[in-house]
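Trainee: One file is attached below, target22.txt, containing compact mmCIF, C-alpha atoms.
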# COMPACT_ATOMS: atom_id res chain seq x y z
CA MET A 1 -37.44 62.49 45.21
CA LEU A 2 -39.88 62.54 42.37
CA PRO A 3 -43.46 61.62 43.01
CA VAL A 4 -44.70 58.32 41.66
CA VAL A 5 -47.88 57.75 39.75
CA PRO A 6 -50.45 56.08 42.02
CA GLY A 7 -51.23 52.71 40.59
CA GLY A 8 -48.03 52.48 38.60
CA GLY A 9 -47.43 52.80 34.93
CA GLY A 10 -50.89 51.79 33.89
CA ALA A 11 -52.20 55.13 35.07
CA LEU A 12 -49.43 56.82 33.17
CA ILE A 13 -50.31 55.09 29.95
CA ARG A 14 -53.95 55.99 30.30
CA ALA A 15 -52.85 59.54 31.01
CA ALA A 16 -50.71 59.58 27.92
CA ALA A 17 -53.57 58.40 25.78
CA HIS A 18 -56.34 60.32 27.53
CA ALA A 19 -54.68 63.19 29.30
CA ASP A 20 -57.85 64.83 30.54
CA GLU A 21 -59.13 61.63 32.10
CA ALA A 22 -56.03 61.20 34.18
CA ALA A 23 -55.45 64.84 35.04
CA ALA A 24 -56.61 64.59 38.61
CA ALA A 25 -54.37 61.71 39.46
CA LEU A 26 -51.21 62.64 37.67
CA PRO A 27 -48.34 64.32 39.47
CA ALA A 28 -46.06 66.73 37.66
CA ILE A 29 -43.48 64.10 37.10
CA ALA A 30 -44.65 60.53 36.79
CA HIS A 31 -42.50 57.51 37.25
CA ALA A 32 -43.39 54.35 35.41
CA ALA A 33 -40.07 52.60 35.12
CA SER A 34 -41.23 49.23 36.36
CA SER A 35 -44.62 49.15 34.73
CA ALA A 36 -45.60 46.89 31.88
CA GLY A 37 -46.78 49.92 29.98
CA ALA A 38 -43.59 51.88 30.38
CA ALA A 39 -42.29 50.89 27.00
CA GLN A 40 -45.43 52.17 25.37
CA ALA A 41 -45.12 55.44 27.26
CA ALA A 42 -41.47 55.66 26.34
CA ALA A 43 -42.33 55.07 22.72
CA ARG A 44 -44.82 57.91 22.80
CA GLY A 45 -42.65 60.20 24.86
CA GLY A 46 -39.62 59.19 22.90
CA ALA A 47 -41.09 61.01 19.98
CA GLY A 48 -40.88 64.17 22.03
CA VAL A 49 -37.30 63.52 23.01
CA ALA A 50 -36.41 62.59 19.44
CA GLU A 51 -38.18 65.66 18.16
CA ALA A 52 -36.22 67.83 20.54
CA ALA A 53 -33.01 66.14 19.61
CA THR A 54 -33.48 67.16 16.01
CA THR A 55 -33.45 70.83 16.97
CA PRO A 56 -29.90 71.91 16.23
CA ALA A 57 -28.11 73.53 19.14
CA SER A 58 -27.05 76.30 16.84
CA ALA A 59 -30.63 77.14 15.89
CA ALA A 60 -31.46 80.76 16.54
CA VAL A 61 -33.00 81.15 19.96
CA GLY A 62 -36.73 81.65 19.84
CA THR A 63 -37.22 80.89 16.20
CA LEU A 64 -39.64 78.23 15.13
CA ALA A 65 -40.28 77.89 11.42
CA GLU A 66 -43.70 76.44 12.04
CA PRO A 67 -45.06 76.12 15.58
CA ARG A 68 -45.62 72.48 16.31
CA ARG A 69 -48.02 71.19 18.89
CA ALA A 70 -46.12 69.68 21.77
CA PRO A 71 -46.61 66.08 22.84
CA ASP A 72 -48.69 65.48 25.97
CA PHE A 73 -45.64 64.02 27.68
CA VAL A 74 -41.95 63.63 27.22
CA VAL A 75 -40.70 60.33 28.67
CA THR A 76 -37.14 59.55 29.64
CA PRO A 77 -35.41 56.21 29.03
CA HIS A 78 -36.18 55.40 32.69
CA GLY A 79 -39.89 55.89 32.09
CA GLU A 80 -40.19 59.19 33.91
CA ALA A 81 -43.02 61.04 32.18
CA ILE A 82 -42.85 64.82 32.03
CA PRO A 83 -46.28 66.38 31.47
CA VAL A 84 -46.28 69.22 28.96
CA PRO A 85 -48.86 72.02 29.46
CA ASP A 86 -51.90 71.73 27.23
CA GLY A 87 -51.63 73.63 23.98
CA ALA A 88 -47.90 74.23 24.26
CA VAL A 89 -45.66 74.35 21.21
CA GLY A 90 -42.07 73.35 20.73
CA PRO A 91 -39.48 72.12 21.22
CA LEU A 92 -37.49 75.34 21.26
CA SER A 93 -33.94 76.11 22.22
CA THR A 94 -33.17 77.41 25.71
CA ARG A 95 -29.71 78.66 24.66
CA ALA A 96 -28.15 76.62 27.49
CA PRO A 97 -28.27 72.86 26.75
CA GLY A 98 -31.88 71.77 26.94
CA PHE A 99 -35.20 72.49 25.29
CA GLN A 100 -38.58 73.94 26.14
CA TYR A 101 -42.26 73.87 25.30
CA ILE A 102 -44.09 77.19 25.67
CA GLY A 103 -47.45 78.86 25.26
CA GLY A 104 -49.61 76.26 26.97
CA SER A 105 -51.83 76.29 30.02
CA GLY A 106 -52.23 73.64 32.70
CA GLY A 107 -53.73 70.24 32.08
CA LYS A 108 -52.63 66.81 33.32
CA GLY A 109 -52.65 67.93 36.93
CA LEU A 110 -50.67 71.12 36.27
CA ASP A 111 -52.02 74.44 37.53
CA GLN A 112 -53.61 76.59 34.81
CA ARG A 113 -50.91 79.22 35.32
CA VAL A 114 -48.25 76.75 34.23
CA SER A 115 -47.59 77.67 30.63
CA ALA A 116 -44.18 76.24 29.86
CA VAL A 117 -41.75 73.50 30.77
CA ARG A 118 -38.02 73.30 30.31
CA ILE A 119 -36.05 70.06 30.21
CA MET A 120 -32.43 70.86 30.88
CA ASP A 121 -29.30 68.83 30.35
CA ALA A 122 -26.94 68.20 33.21
CA ASN A 123 -24.16 70.68 33.81
CA GLN A 124 -21.24 70.87 36.21
CA ARG A 125 -23.46 71.60 39.18
CA GLN A 126 -26.84 70.08 38.44
CA GLY A 127 -28.18 66.90 36.92
CA ARG A 128 -30.82 66.60 34.24
CA ARG A 129 -33.88 68.45 35.44
CA VAL A 130 -37.32 69.76 34.65
CA VAL A 131 -38.47 73.33 35.32
CA TYR A 132 -42.09 74.47 35.13
CA MET A 133 -42.77 78.14 34.36
CA ASN A 134 -45.59 80.67 34.10
CA GLU A 135 -46.14 83.03 31.16
CA ARG A 136 -43.38 85.33 32.42
CA ASP A 137 -41.08 82.30 32.49
CA GLN A 138 -40.80 82.51 36.25
CA ARG A 139 -40.33 79.18 37.95
CA VAL A 140 -43.49 77.95 39.58
CA ASN A 141 -44.81 75.14 41.69
CA PRO A 142 -46.45 73.02 38.98
CA TYR A 143 -49.34 72.10 41.27
CA THR A 144 -50.22 75.59 42.54
CA GLY A 145 -48.81 77.87 39.83
CA ARG A 146 -47.20 80.06 42.47
CA THR A 147 -43.72 81.44 42.03
CA ILE A 148 -41.02 79.72 44.04
CA SER A 149 -37.54 80.55 45.23
CA LYS A 150 -34.40 79.18 43.65
CA SER A 151 -33.92 76.82 46.57
CA ASP A 152 -37.41 75.37 46.52
CA PRO A 153 -37.30 71.60 45.88
CA LEU A 154 -39.84 72.10 43.09
CA ALA A 155 -37.68 74.68 41.32
CA HIS A 156 -35.78 71.81 39.74
CA LEU A 157 -37.32 68.38 39.38
CA TYR A 158 -34.39 66.07 38.89
CA LEU A 159 -34.50 63.18 36.47
CA LYS A 160 -32.78 59.85 36.81
CA ASP A 161 -29.54 59.93 34.88
CA TRP A 162 -29.03 57.91 31.74
CA GLU A 163 -26.21 57.36 29.28
CA MET B 1 -41.62 98.78 20.41
CA LYS B 2 -38.97 97.16 18.29
CA ASP B 3 -38.76 93.40 17.90
CA ILE B 4 -36.59 92.18 20.73
CA ARG B 5 -35.00 88.76 20.38
CA THR B 6 -31.64 88.91 22.07
CA LEU B 7 -30.06 90.61 25.02
CA HIS B 8 -28.31 93.09 22.75
CA ASP B 9 -31.68 94.32 21.51
CA LEU B 10 -32.12 95.99 24.91
CA VAL B 11 -29.96 98.89 23.77
CA ASP B 12 -32.06 102.06 23.73
CA GLU B 13 -34.76 100.41 25.84
CA GLU B 14 -35.95 102.06 29.05
CA LEU B 15 -36.04 100.14 32.31
CA ALA B 16 -39.68 100.17 33.38
CA ALA B 17 -39.63 98.13 36.56
CA VAL B 18 -37.46 96.27 39.00
CA CYS B 19 -39.21 93.28 40.53
CA PHE B 20 -38.02 91.46 43.62
CA VAL B 21 -39.40 87.96 43.25
CA ARG B 22 -38.82 85.57 46.15
CA ASP B 23 -35.01 85.45 46.19
CA TYR B 24 -34.11 86.89 42.79
CA VAL B 25 -34.42 90.15 40.88
CA GLU B 26 -36.03 90.96 37.55
CA PHE B 27 -35.31 93.99 35.37
CA CYS B 28 -38.36 94.65 33.22
CA PHE B 29 -38.35 96.60 29.97
CA ASP B 30 -42.09 96.83 29.17
CA GLY B 31 -42.12 93.25 27.93
CA PRO B 32 -38.61 91.87 27.91
CA ILE B 33 -37.26 90.70 31.25
CA LEU B 34 -33.68 90.23 32.38
CA ARG B 35 -33.66 88.00 35.44
CA ALA B 36 -30.71 87.86 37.82
CA LEU B 37 -30.56 84.65 39.79
CA VAL B 38 -27.12 85.51 41.12
CA PRO B 39 -26.94 88.75 43.13
CA PRO B 40 -26.80 91.68 40.69
CA ILE B 41 -24.09 94.28 41.22
CA LEU B 42 -24.72 97.95 40.59
CA ALA B 43 -21.80 100.33 40.10
CA CYS B 44 -21.69 104.10 39.69
CA ASP B 45 -19.13 106.83 40.37
CA GLY B 46 -16.54 104.41 41.67
CA THR B 47 -18.77 102.68 44.18
CA GLN B 48 -20.66 99.45 43.90
CA ILE B 49 -23.35 97.64 45.79
CA THR B 50 -24.55 94.07 45.62
CA PHE B 51 -28.10 92.88 46.15
CA PRO B 52 -29.37 92.23 48.86
CA ASP B 53 -27.03 94.55 50.77
CA PRO B 54 -28.74 97.35 52.70
CA THR B 55 -29.94 100.15 50.37
CA SER B 56 -29.31 97.98 47.30
CA ARG B 57 -33.04 97.74 46.59
CA ASP B 58 -33.39 101.53 46.57
CA GLN B 59 -30.40 101.92 44.32
CA LEU B 60 -31.61 99.27 41.90
CA CYS B 61 -35.03 100.93 41.77
CA ALA B 62 -33.33 104.23 40.97
CA LEU B 63 -32.50 102.72 37.59
CA ILE B 64 -36.17 102.84 36.64
CA GLY B 65 -36.67 105.32 33.83
CA THR B 66 -33.10 105.16 32.62
CA THR B 67 -32.16 103.78 29.22
CA VAL B 68 -29.76 101.04 28.29
CA GLN B 69 -26.80 102.45 26.43
CA ARG B 70 -24.69 99.34 26.03
CA VAL B 71 -25.02 95.61 26.52
CA GLU B 72 -22.02 93.38 26.95
CA LEU B 73 -22.30 89.63 27.16
CA GLN B 74 -19.30 87.51 27.99
CA ASP B 75 -20.26 83.88 28.40
CA ASP B 76 -19.07 82.46 31.72
CA VAL B 77 -17.99 85.94 32.80
CA ALA B 78 -20.88 88.41 33.04
CA ILE B 79 -23.80 90.23 31.50
CA THR B 80 -23.18 93.96 31.79
CA LEU B 81 -25.69 96.70 31.08
CA THR B 82 -24.52 100.29 30.98
CA PHE B 83 -27.26 102.89 31.41
CA THR B 84 -27.39 106.46 30.15
CA SER B 85 -27.27 107.57 33.80
CA GLY B 86 -23.78 106.13 34.07
CA HIS B 87 -24.87 103.20 36.20
CA VAL B 88 -23.44 99.80 35.33
CA LEU B 89 -25.45 96.71 36.17
CA ARG B 90 -23.48 93.49 36.25
CA ILE B 91 -24.77 89.92 36.50
CA ARG B 92 -21.93 87.51 37.00
CA LEU B 93 -21.93 84.27 35.02
CA ASP B 94 -18.71 82.78 36.39
CA ASP B 95 -18.44 79.54 38.34
CA ASP B 96 -17.73 81.30 41.62
CA ALA B 97 -20.94 83.31 41.41
CA ARG B 98 -22.91 80.18 40.54
CA ALA B 99 -21.32 78.27 43.40
CA ARG B 100 -22.67 80.84 45.85
CA ILE B 101 -26.24 80.03 44.90
CA TRP B 102 -25.86 76.26 45.00
CA PRO B 103 -27.82 74.07 44.30
CA GLU B 104 -28.95 76.53 41.66
CA SER B 105 -26.70 76.54 38.62
CA GLU B 106 -28.46 79.06 36.39
CA ALA B 107 -27.16 82.60 36.76
CA ALA B 108 -29.45 84.62 34.52
CA HIS B 109 -32.49 84.42 32.27
CA PHE B 110 -33.57 86.63 29.41
CA VAL B 111 -37.22 86.57 28.40
CA PRO B 112 -37.64 88.52 25.14
CA GLY B 113 -41.37 88.96 25.80
CA ILE B 114 -44.40 87.37 27.36
CA GLY B 115 -44.94 84.00 25.77
CA LYS B 116 -41.56 84.00 24.10
CA PRO B 117 -38.98 81.31 24.83
CA ILE B 118 -36.60 81.91 27.69
CA GLN B 119 -32.84 82.10 27.20
CA VAL B 120 -30.76 80.62 30.00
CA TRP B 121 -27.23 81.32 31.18
Now that the file is in, can you turn its structure into structure tokens?
Mentor:
Amino acid sequence: MLPVVPGGGGALIRAAAHADEAAAALPAIAHAASSAGAAQAAARGGAGVAEAATTPASAAVGTLAEPRRAPDFVVTPHGEAIPVPDGAVGPLSTRAPGFQYIGGSGGKGLDQRVSAVRIMDANQRQGRRVVYMNERDQRVNPYTGRTISKSDPLAHLYLKDWE
Amino acid sequence: MKDIRTLHDLVDEELAAVCFVRDYVEFCFDGPILRALVPPILACDGTQITFPDPTSRDQLCALIGTTVQRVELQDDVAITLTFTSGHVLRIRLDDDARARIWPESEAAHFVPGIGKPIQVW
């Protein structure tokens, strides 16, 4: 189960607008589906999703014509906000269906050792999910920055499905 | 070091380290990393051993200092690295191998370098 933003979507919106201010309160994955501000968050995060969607699947892995600063958050149609490490760039291809933001460091409640985040499409065995990584692209606990095993619940943060 | 972008660029690269991280194995090439999330299989002289079988760690570490001679990538089948020593390292990408590590569904990662985007199988 994904953690929920204390205080509901309002906190999320403030976090989206003033990420540093909300860093202490924001969990790695925030849920604001029922909040009045969710639409605003979705609009902001939607830019990230839309931006990622414009990256052709056939694009060469690892190439980025001009590094673009990542959004603070990517927000799903259900209002789940995915914090992106500060200073990250992307979106970039992951080869498998999904996209990633890399080269950042912490922020928004993430440990400083968290440098990248992947947002992966569903496949035969797993649903849509979020994976936080360190600079070696090892999966980490987003709160502590420590490496985790494949079976750790924080290795894959599942998103609510959407059409 | 040459510019490494894809798995096939590992040809002629020397294996510098084998890292056992939690419950998976990384093969490090002084920058690039091939990560096996499914148990890697090492074959040589007609025998093979699968991590984490007894002695598999020693045998995987024996690859350190050897050079990649050939890289073969067959999507949904396997990533296979042949070393100059004659050892063959195989990371399965098939459904059966993935099923054994459920709920994980990713079989392998390739990181071309620190700070470079990961490639997922």
Trainee: One number please: CA of Arg125 (chain A) to CA of Ala96 (chain A), in Å, one decimal.
Mentor: 13.6 Å
Trainee: Select residues of chain A: the criterion is any atom within 6 Å of an atom of chain B, counting all atoms listed in the file; output as an MDAnalysis selection string.
Mentor: chainID A and resid 62 94:96 103 125 135:136 149
Trainee: For the selection just defined, write its residues with C-alpha atoms to a file, as a short mmCIF file (atom, residue, chain, number, x, y, z; two decimals), in the coordinates of the input.
Mentor:
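Generated file (part.cif):
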data_model
loop_
_atom_site.label_atom_id
_atom_site.label_comp_id
_atom_site.auth_asym_id
_atom_site.auth_seq_id
_atom_site.Cartn_x
_atom_site.Cartn_y
_atom_site.Cartn_z
CA GLY A 62 -36.73 81.65 19.84
CA THR A 94 -33.17 77.41 25.71
CA ARG A 95 -29.71 78.66 24.66
CA ALA A 96 -28.15 76.62 27.49
CA GLY A 103 -47.45 78.86 25.26
CA ARG A 125 -23.46 71.60 39.18
CA GLU A 135 -46.14 83.03 31.16
CA ARG A 136 -43.38 85.33 32.42
CA SER A 149 -37.54 80.55 45.23
#
Trainee: Which distance in Å separates CA of Pro71 (chain A) and CA of Arg146 (chain A), to one decimal?
Mentor: 24.1 Å
Trainee: Please compute the CA of Val11 (chain B)-CA of Ala107 (chain B) distance, one decimal, in Å.
Mentor: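 Result for CA of Val11 (chain B) versus CA of Ala107 (chain B): 21.0 Å, one decimal.
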Trainee: Select, counting all atoms listed in the file, all protein, DNA and RNA residues no farther than 8 Å from (-42.3, 72.7, 25.4) in file coordinates, and express the selection as a PyMOL selection string.
Mentor: chain A and resi 70+84-85+88-92+99-102+116-118
Trainee: Using all atoms listed in the file, which of the listed residues (A:Ile82, A:Leu157, A:Ala122, A:Val74) sits closest to Gly109 (chain A)?
Mentor: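 Going through A:Ile82, A:Leu157, A:Ala122, A:Val74 one by one, the smallest distance to Gly109 (chain A) is for A:Ile82.
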Trainee: Using only C-alpha atoms, which of the listed residues (B:Leu60, B:Ile49, B:Leu93, B:Cys19) sits closest to Thr80 (chain B)?
Mentor: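 Distance minimum relative to Thr80 (chain B) lands on B:Leu93.
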Trainee: I'd like the contact shell of Asn134 (chain A) - 6 Å cut-off, only C-alpha atoms, skipping same-chain residues fewer than 6 positions apart - returned as a list of chain:residue names.
Mentor: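 Returned residues: A:Arg113, A:Val114, A:Ser115.
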